[in-house]
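These notes are about the structure you will find just below.
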Amino acid sequence: MSVESKKVSRDEYGGQPETSAMHGSGWNVAAACIEPLYNVLVAATEVLLTIDLPYVTEKSVKLRCPANDVVEIYAETSRKITFKDLGVKHRHGEFTCYHARIRIPVPVDEARINSKFKRGVLEVHIPRLK
Amino acid sequence: MSKKPPQADPFRIAETGTIPKKPVVISGLPDVGLVGLLAASEMISSLKLNEVGAIESDLLPPMIVLHAGVPKSPVRVFADKSLVVIISETAIPVPLLRPLANGLVDWALRKGAELMLSLGGMAVANRQDIDAPKVFAALSEMALEPRLKGAAEILEEGYIVGAYGLMLRKCTEVSLPAITLLTQAYYNYPDPVAAAAALNTVNKILDLNVDVSGLLRRGEEIRLRSKDMMHRTQEELARMNKAHEYDLPPLYG
């Protein structure tokens, strides 16, 4: 898993602007990307972000903070996933990655971000700025 | 004379097959971690239950779900000779929770149900660190404890928000035995491992042999297939203030 805190351009991962992060349904066929389920918990001293990433291994997870109020996650899936694999025949598309830009609601110290990956769920801890 | 506007029909079970006498009625409604829905769905396929009815309500979203090309209500009733299993393939809108809870208990009473068994999740913050999710049980009366056969720990204090809480209280009022099983789970991620733990407890309580290996083997596929359902459910959980379950009850005995 790689973690970067440098500021990068929005499109470095071929990413989407934050306003379209959910793509309506969370399945972005054009980018072959799935919007994962995630949860942001603001605690007293840190922000805890978790992201559900089935079909992902730890080494394919890339995290970065393009701004001090945004965390961007990108992860390639361990295999190509199609709608047909998921029992859907009337839609066509295949997916090879997850991608999300997640707004953090309080100022955080993105240089001290750390994370762990267990049971297909990524857990990201980011200290809050005092 | 002015005509009265038609009244909304909040809850009705349309029976299309045989409902067993004195059944155990199992509810697998979508809530925390989709535990109940995943567990009940596995029961339906593993035990090859027949579809015997559908829940109709003007408070449900205006939708149908297609299965094998046949349009169906997203909230359906399945049964064999002793079990009734109710599942919903759509998030239950908050305005429907009370009519649904009351309607299900009234219907179960009319069918002479011997037990209402509800399957749900209990959100835990450290779910990632838990290998074997624990199952807790809330009872309509403490005399039901032996029926748990030690497979679940009794929940004595706390809040239950949503249909299951309302159903449990109504069951107490009408003296219909009821057990609500709440399994430790991710709050807003589909949790097939928790569903398997819930099913193992159901197996013990009801002397069933539902195979849970599919839930574990196909865990990643189930999580991804259920992603959108979980997202819709999460919106309803927020509307019903599900986080209230984290609160400590202020009164003491």
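Residue numbering restarts at 1 in every chain; chains get A, B, ... in the order shown in the structure tokens, and ligands count up from 1 in that same order.
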Could the residues of chain B that have an atom at most 7 Å from chain A be listed as CSV, each with its closest atom pair and the distance in Å to one decimal, counting only C-alpha atoms and ordered by chain and ascending residue number?
```
residue,atom,partner,partner_atom,distance
B:Gln128,CA,A:Lys118,CA,6.4
B:Tyr189,CA,A:Asp52,CA,6.6
B:Glu220,CA,A:Pro54,CA,5.0
B:Arg223,CA,A:Pro54,CA,6.7
B:Leu224,CA,A:Pro54,CA,6.5
B:Arg225,CA,A:Leu86,CA,5.9
B:Lys227,CA,A:Leu37,CA,7.0
```
Using DSSP assignments from the backbone, pull out every residue in range 21-177 of chain B that falls under alpha helix (DSSP H) and give it to me as a VMD selection string.
chain B and resid 35 to 46 94 to 110 163 to 173
Give me the residues within 6 Å of range 24-26 of chain B as a VMD selection string, counting only C-alpha atoms and dropping any in the same chain fewer than 2 places off.
chain B and resid 83 to 85 113 to 118
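The space between CA of Gly150 in chain B and CA of Ile44 in chain B spans 24.8 Å.
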With only C-alpha atoms as the counted atoms, please give the residues lying no more than 10 Å from range 238-242 of chain B, apart from itself and same-chain residues fewer than 5 positions off, as a PyMOL selection string.
chain B and resi 31-32+93-95+97+123+159-163+187+233
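When only C-alpha atoms are used to compute distances to Pro250 in chain B, the closest of the residues B:Gln234, B:Gly158, B:Lys48, B:Ile179 turns out to be B:Gly158.
Between Lys89 in chain A and the residues B:Lys149, B:Lys22, B:His67, B:Lys170, the shortest atom-to-atom distance, using only C-alpha atoms, involves B:His67.
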Considering only C-alpha atoms, return as an MDAnalysis selection string whatever protein or nucleic-acid residues lie within 9 Å of Ala151 in chain B, sequence-local ones (same chain, fewer than 4 positions apart) excluded.
chainID B and resid 135:136 200:202 204:205
Distance query Phe95 in chain A at most 8 Å, only C-alpha atoms, self and fewer than 5 positions along chain excluded, as an MDAnalysis selection string:
chainID A and resid 29 32:34 77 80:82
Would you save the residues from that selection as a PDB file, in the first residue's frame, using C-alpha atoms?
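Generated file (part23.pdb):
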```
ATOM      1  CA  VAL A  29     -18.370   2.247 -16.721  1.00  0.00           C
ATOM      2  CA  ALA A  32     -13.981   1.100 -15.341  1.00  0.00           C
ATOM      3  CA  CYS A  33     -14.088   2.281 -11.735  1.00  0.00           C
ATOM      4  CA  ILE A  34     -16.335   1.465  -8.798  1.00  0.00           C
ATOM      5  CA  THR A  77      -9.108  -5.041  -8.209  1.00  0.00           C
ATOM      6  CA  LYS A  80     -11.699  -7.882 -13.769  1.00  0.00           C
ATOM      7  CA  ILE A  81     -15.293  -7.644 -12.535  1.00  0.00           C
ATOM      8  CA  THR A  82     -18.230  -7.482 -14.920  1.00  0.00           C
TER       9      THR A  82
END
```
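You will find CA of Tyr246 in chain B at 29.6 Å from CA of Leu206 in chain B.
Neighbours of Met142 in chain B closer than or equal to 12 Å, with only C-alpha atoms counted and sequence neighbours fewer than 2 positions away skipped, come out as Ala137, Ala138, Leu139, Ser140, Leu144, Glu145, Pro146, Arg147, Leu148, Ile154, Leu155, Glu156, Thr172, Pro177, Ala178 and Ile179 of chain B.
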Create the file for the chosen residues now, containing C-alpha atoms and written as a PDB file, in the first residue's frame.
```pdb
ATOM      1  CA  ALA B 137     -30.459 -11.560  21.739  1.00  0.00           C
ATOM      2  CA  ALA B 138     -33.246  -9.270  22.881  1.00  0.00           C
ATOM      3  CA  LEU B 139     -36.282 -11.197  24.116  1.00  0.00           C
ATOM      4  CA  SER B 140     -39.954 -10.332  24.345  1.00  0.00           C
ATOM      5  CA  LEU B 144     -37.440 -17.395  26.377  1.00  0.00           C
ATOM      6  CA  GLU B 145     -33.801 -17.578  27.460  1.00  0.00           C
ATOM      7  CA  PRO B 146     -33.612 -21.426  27.380  1.00  0.00           C
ATOM      8  CA  ARG B 147     -34.608 -21.339  23.706  1.00  0.00           C
ATOM      9  CA  LEU B 148     -31.310 -19.618  22.944  1.00  0.00           C
ATOM     10  CA  ILE B 154     -28.874 -11.729  26.245  1.00  0.00           C
ATOM     11  CA  LEU B 155     -29.074  -7.999  25.657  1.00  0.00           C
ATOM     12  CA  GLU B 156     -30.415  -6.540  28.878  1.00  0.00           C
ATOM     13  CA  THR B 172     -44.453  -8.363  24.352  1.00  0.00           C
ATOM     14  CA  PRO B 177     -42.816 -15.013  21.852  1.00  0.00           C
ATOM     15  CA  ALA B 178     -40.129 -13.062  20.003  1.00  0.00           C
ATOM     16  CA  ILE B 179     -36.361 -13.096  19.784  1.00  0.00           C
TER      17      ILE B 179
END
```
Determine which residues of chain A DSSP labels as strand (DSSP E) from the backbone of this structure, then write them out as an MDAnalysis selection string.
chainID A and resid 2:4 27:28 33:34 38:42 46:52 61:67 70:82 94:103 114:118 121:127
